[in-house]
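One file, my_file26.cif, carrying mmCIF, C-alpha atoms and all ligand atoms:
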data_start
loop_
_atom_site.label_atom_id
_atom_site.label_comp_id
_atom_site.auth_asym_id
_atom_site.auth_seq_id
_atom_site.Cartn_x
_atom_site.Cartn_y
_atom_site.Cartn_z
CA MET A 134 -64.35 -76.84 18.98
CA ARG A 135 -63.57 -73.65 20.81
CA GLY A 136 -64.81 -70.15 20.09
CA LYS A 137 -67.26 -68.93 17.52
CA LYS A 138 -65.93 -67.54 14.24
CA ASN A 139 -63.32 -70.09 13.27
CA GLY A 140 -63.88 -72.49 16.11
CA PHE A 141 -60.43 -71.90 17.56
CA MET A 142 -58.93 -68.49 18.12
CA ASP A 143 -61.45 -65.95 19.30
CA ASN A 144 -61.47 -67.12 22.90
CA ARG A 145 -57.72 -66.73 23.47
CA THR A 146 -55.36 -63.86 23.97
CA PHE A 147 -51.63 -63.54 24.54
CA THR A 148 -50.07 -61.48 27.32
CA MET A 149 -46.67 -60.53 28.70
CA ILE A 150 -45.93 -59.07 32.09
CA LYS A 151 -43.26 -56.59 30.97
CA PRO A 152 -39.81 -56.10 32.58
CA ASP A 153 -40.89 -53.09 34.69
CA ALA A 154 -43.75 -54.89 36.42
CA PHE A 155 -41.69 -58.08 36.77
CA ALA A 156 -38.78 -56.19 38.38
CA LYS A 157 -41.11 -54.45 40.83
CA GLY A 158 -42.48 -57.80 42.01
CA TYR A 159 -45.99 -57.32 40.62
CA SER A 160 -46.19 -60.59 38.67
CA GLY A 161 -48.10 -62.50 41.35
CA ALA A 162 -50.65 -59.73 41.91
CA ILE A 163 -51.15 -59.29 38.16
CA ILE A 164 -51.63 -63.02 37.53
CA ASP A 165 -54.12 -63.14 40.41
CA LYS A 166 -56.06 -60.22 38.93
CA ILE A 167 -56.15 -61.96 35.53
CA ILE A 168 -57.53 -65.17 37.08
CA GLN A 169 -60.06 -63.25 39.21
CA ALA A 170 -61.29 -61.58 36.00
CA GLY A 171 -62.24 -65.00 34.64
CA PHE A 172 -59.30 -65.85 32.38
CA LYS A 173 -57.93 -69.38 32.41
CA ILE A 174 -54.17 -69.76 31.97
CA VAL A 175 -53.48 -72.26 29.18
CA ALA A 176 -49.73 -71.54 28.80
CA LEU A 177 -47.24 -69.75 31.08
CA LYS A 178 -43.50 -69.13 31.15
CA MET A 179 -40.86 -66.82 32.55
CA THR A 180 -38.27 -65.82 29.95
CA LYS A 181 -36.13 -62.92 28.74
CA LEU A 182 -36.16 -61.42 25.25
CA SER A 183 -32.90 -60.63 23.49
CA ALA A 184 -32.85 -57.24 21.73
CA GLU A 185 -33.17 -59.11 18.45
CA LYS A 186 -36.24 -61.05 19.61
CA ALA A 187 -37.83 -57.92 21.11
CA GLY A 188 -37.34 -56.16 17.76
CA GLU A 189 -38.94 -59.10 15.98
CA PHE A 190 -41.94 -59.14 18.33
CA TYR A 191 -42.51 -55.39 17.88
CA ALA A 192 -41.50 -55.25 14.18
CA ILE A 193 -44.79 -53.50 13.37
CA HIS A 194 -43.48 -50.46 15.32
CA LYS A 195 -40.12 -50.35 13.54
CA ALA A 196 -40.76 -46.93 11.96
CA ARG A 197 -41.97 -45.33 15.21
CA PRO A 198 -39.64 -42.88 17.02
CA PHE A 199 -39.82 -44.94 20.22
CA PHE A 200 -38.87 -48.26 18.58
CA GLN A 201 -35.30 -48.43 19.96
CA GLU A 202 -36.51 -47.39 23.41
CA LEU A 203 -39.16 -50.11 23.24
CA VAL A 204 -36.62 -52.76 22.20
CA ASP A 205 -34.17 -51.71 24.95
CA PHE A 206 -36.93 -51.78 27.56
CA MET A 207 -38.44 -55.10 26.50
CA SER A 208 -35.02 -56.80 26.53
CA SER A 209 -33.95 -55.22 29.84
CA GLY A 210 -35.07 -58.04 32.12
CA PRO A 211 -37.25 -61.11 32.59
CA ILE A 212 -40.87 -61.19 31.48
CA VAL A 213 -43.77 -63.58 32.09
CA ALA A 214 -45.54 -64.72 28.92
CA ALA A 215 -48.94 -66.40 28.93
CA ILE A 216 -51.84 -67.51 26.77
CA LEU A 217 -55.23 -66.86 28.34
CA GLU A 218 -58.64 -68.31 27.57
CA LYS A 219 -62.05 -66.69 28.04
CA ASP A 220 -65.00 -65.83 25.83
CA ASN A 221 -64.20 -62.62 23.95
CA ALA A 222 -60.65 -62.87 25.30
CA VAL A 223 -58.90 -60.22 23.19
CA ALA A 224 -61.40 -57.42 23.83
CA ASP A 225 -62.07 -58.31 27.48
CA PHE A 226 -58.35 -58.46 28.23
CA ARG A 227 -57.72 -55.07 26.58
CA THR A 228 -60.41 -53.70 28.90
CA LEU A 229 -58.76 -55.34 31.91
CA ILE A 230 -55.30 -53.90 31.16
CA GLY A 231 -56.50 -50.38 30.26
CA ALA A 232 -55.16 -47.71 27.91
CA THR A 233 -51.55 -47.82 26.63
CA ASP A 234 -50.76 -44.69 28.66
CA PRO A 235 -51.43 -45.48 32.35
CA ALA A 236 -52.30 -41.82 32.94
CA LYS A 237 -55.29 -42.38 30.64
CA ALA A 238 -56.16 -45.89 31.89
CA ALA A 239 -59.44 -46.45 33.74
CA GLU A 240 -59.46 -46.94 37.50
CA GLY A 241 -58.84 -50.54 38.56
CA THR A 242 -57.14 -51.55 35.31
CA ILE A 243 -53.77 -53.32 35.45
CA ARG A 244 -51.94 -50.44 33.80
CA LYS A 245 -53.58 -47.89 36.12
CA LEU A 246 -52.53 -49.98 39.13
CA TYR A 247 -49.07 -51.14 38.10
CA ALA A 248 -47.67 -49.08 35.19
CA ALA A 249 -45.44 -46.04 35.39
CA SER A 250 -45.45 -44.54 31.90
CA VAL A 251 -46.62 -45.03 28.30
CA GLY A 252 -43.38 -46.86 27.53
CA GLU A 253 -43.01 -48.87 30.73
CA ASN A 254 -46.62 -49.92 30.92
CA ALA A 255 -46.49 -53.22 32.85
CA ILE A 256 -48.34 -55.53 30.49
CA HIS A 257 -49.06 -56.47 26.90
CA GLY A 258 -52.34 -57.74 25.47
CA SER A 259 -52.98 -58.88 21.87
CA ASP A 260 -55.00 -56.39 19.83
CA SER A 261 -56.64 -58.95 17.49
CA ASP A 262 -57.26 -62.67 17.10
CA ASP A 263 -54.76 -62.79 14.24
CA ASN A 264 -52.04 -61.21 16.39
CA GLU A 265 -52.89 -63.51 19.30
CA LYS A 266 -52.00 -66.47 17.10
CA ILE A 267 -48.75 -64.88 15.86
CA GLU A 268 -47.71 -63.83 19.39
CA SER A 269 -48.60 -67.14 21.03
CA ASP A 270 -46.65 -69.04 18.35
CA PHE A 271 -43.69 -66.69 18.95
CA PHE A 272 -43.39 -67.89 22.56
CA PHE A 273 -45.03 -71.29 22.91
CA SER A 274 -44.80 -74.69 21.25
CA VAL A 275 -47.87 -76.94 21.11
CA LEU A 276 -46.35 -79.01 23.93
CA GLU A 277 -46.49 -75.99 26.24
CA ARG A 278 -50.23 -75.30 25.84
CA PHE A 279 -52.91 -76.93 27.99
P1 LIG A 301 -50.63 -51.39 23.24
O1 LIG A 301 -51.32 -52.21 22.20
O2 LIG A 301 -51.57 -50.76 24.24
O3 LIG A 301 -49.50 -52.14 23.93
O4 LIG A 301 -49.95 -50.14 22.49
P2 LIG A 301 -49.21 -49.98 21.08
O5 LIG A 301 -49.40 -51.19 20.22
O6 LIG A 301 -49.60 -48.65 20.54
O7 LIG A 301 -47.67 -49.87 21.49
C1 LIG A 301 -46.93 -51.01 21.83
C2 LIG A 301 -46.04 -50.69 22.99
O8 LIG A 301 -45.08 -49.71 22.60
C3 LIG A 301 -46.74 -50.05 24.19
O9 LIG A 301 -47.39 -50.98 25.02
C4 LIG A 301 -45.59 -49.38 24.89
O10 LIG A 301 -44.80 -50.29 25.67
C5 LIG A 301 -44.74 -48.89 23.71
N1 LIG A 301 -45.06 -47.50 23.39
C6 LIG A 301 -46.19 -46.99 22.83
N2 LIG A 301 -46.12 -45.66 22.71
C7 LIG A 301 -44.90 -45.30 23.22
C8 LIG A 301 -44.22 -44.05 23.38
O11 LIG A 301 -44.73 -42.98 23.03
N3 LIG A 301 -42.98 -44.10 23.95
C9 LIG A 301 -42.38 -45.26 24.33
N4 LIG A 301 -41.16 -45.24 24.88
N5 LIG A 301 -42.99 -46.46 24.19
C10 LIG A 301 -44.23 -46.48 23.65
#

Can I see the file as C-alpha cells?
Amino acid sequence: MRGKKNGFMDNRTFTMIKPDAFAKGYSGAIIDKIIQAGFKIVALKMTKLSAEKAGEFYAIHKARPFFQELVDFMSSGPIVAAILEKDNAVADFRTLIGATDPAKAAEGTIRKLYAASVGENAIHGSDSDDNEKIESDFFFSVLERF
C-alpha cells in the first residue's frame, strides 16, 4: 500500500516538461532538480502532443481566451512526460515548480529559473490527486510504470 488516504494516489504527481523548456535544452537540468528535490521517477517518456491531444489534455480550459494559444504551444514540439513519487507529491511539486506566471514565481523554483512567460511556462504539475490519476492515465500504460 502506498500513500495515506486511499492507499494509492496521494504520493504521486504527473509532470510535463513543456515544448519551450524542451526546445531550449533544459530537460536534463529540470529532471536533475526534480530528483534532487526528493522525487522518484516512476514513469518517463519523450513524446509530442497533436493539437487534438493537447486540446483533450487541457479541455478544462476550453472556455478560456488563451485556450487556442495553449493548444498551439503545447503541440508545437516534443515534451517530456513523467510520473513522480514522493510523500505529499502534488503539493510539494507545485511548490517546486512555482507560480503559473514565472514573474510571480518564488526564487529557485523551476518556473522562475526556466520559464519565459505565463503561457510558455516550462513545466506542468498536477493540481490534485484526482487530476494526477487522469493525467498519468492519459500518457502512460501500466506497463510503463515502475
Ligand atoms: P498551472 O496549473 O500553474 O499550470 O496553471 P493553470 O491550470 O491556470 O493553466 C494551465 C496552463 O495554461 C498554464 O500552465 C499555462 O501554460 C497556460 N496559461 C495560463 N494562463 C495563461 C494565459 O494568460 N495566457 C496563455 N497564453 N496561457 C496561459

**Request:** Measuring atom to atom with all atoms listed in the file, identify which of A:Ala184, A:Ala176, A:Ile243, A:Ala162 is nearest to Val275 in chain A.
**Result:**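 Among the listed residues, the smallest separation from Val275 in chain A belongs to A:Ala176.
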
Within 6 Å of ligand LIG 301 (chain A), which residues of chain A come that close, and what is the closest atom pair and distance in Å for each? Count all atoms listed in the file and give it as a tab-separated table.
residue	atom	partner	partner_atom	distance
A:Phe199	CA	A:LIG301	C9	4.9
A:Glu202	CA	A:LIG301	N4	5.3
A:Leu203	CA	A:LIG301	N5	5.4
A:Ala232	CA	A:LIG301	O2	6.0
A:Thr233	CA	A:LIG301	O2	3.8
A:Val251	CA	A:LIG301	C7	5.4
A:Gly252	CA	A:LIG301	N5	3.4
A:Glu253	CA	A:LIG301	O10	5.6
A:Asn254	CA	A:LIG301	O10	5.6
A:His257	CA	A:LIG301	O3	5.3

**Request:** Rounded to one decimal place, report the CA of Ser208 in chain A-CA of Glu268 in chain A distance in Å.
**Result:**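 Going from CA of Ser208 in chain A over to CA of Glu268 in chain A covers 16.2 Å.
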
Spatial neighbours of Thr180 in chain A, 7 Å, all atoms listed in the file, chain gap at least 3 places, as a compact mmCIF listing (two decimals) with C-alpha atoms, in the frame of the given file:
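File out-v1.txt, as written:
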# COMPACT_ATOMS: atom_id res chain seq x y z
CA PRO A 211 -37.25 -61.11 32.59
CA ILE A 212 -40.87 -61.19 31.48
CA VAL A 213 -43.77 -63.58 32.09

Residues of range 217-275 of chain A within 8 Å of range 148-155 of chain A: nearest atom pair and distance (Å, one decimal) for each, counting only C-alpha atoms, sorted by chain and number, as JSON lines?
{"residue": "A:Leu217", "atom": "CA", "partner": "A:Thr148", "partner_atom": "CA", "distance": 7.5}
{"residue": "A:Tyr247", "atom": "CA", "partner": "A:Ala154", "partner_atom": "CA", "distance": 6.7}
{"residue": "A:Ala248", "atom": "CA", "partner": "A:Ala154", "partner_atom": "CA", "distance": 7.1}
{"residue": "A:Glu253", "atom": "CA", "partner": "A:Asp153", "partner_atom": "CA", "distance": 6.2}
{"residue": "A:Asn254", "atom": "CA", "partner": "A:Lys151", "partner_atom": "CA", "distance": 7.5}
{"residue": "A:Ala255", "atom": "CA", "partner": "A:Ala154", "partner_atom": "CA", "distance": 4.8}
{"residue": "A:Ile256", "atom": "CA", "partner": "A:Ile150", "partner_atom": "CA", "distance": 4.6}
{"residue": "A:His257", "atom": "CA", "partner": "A:Met149", "partner_atom": "CA", "distance": 5.0}
{"residue": "A:Gly258", "atom": "CA", "partner": "A:Thr148", "partner_atom": "CA", "distance": 4.8}
{"residue": "A:Ser259", "atom": "CA", "partner": "A:Thr148", "partner_atom": "CA", "distance": 6.7}

**Asked** Which value, in Å to one decimal, gives the distance between CA of Thr228 in chain A and CA of Thr146 in chain A?
**Response**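 Computing it gives 12.4 Å between the two atoms.
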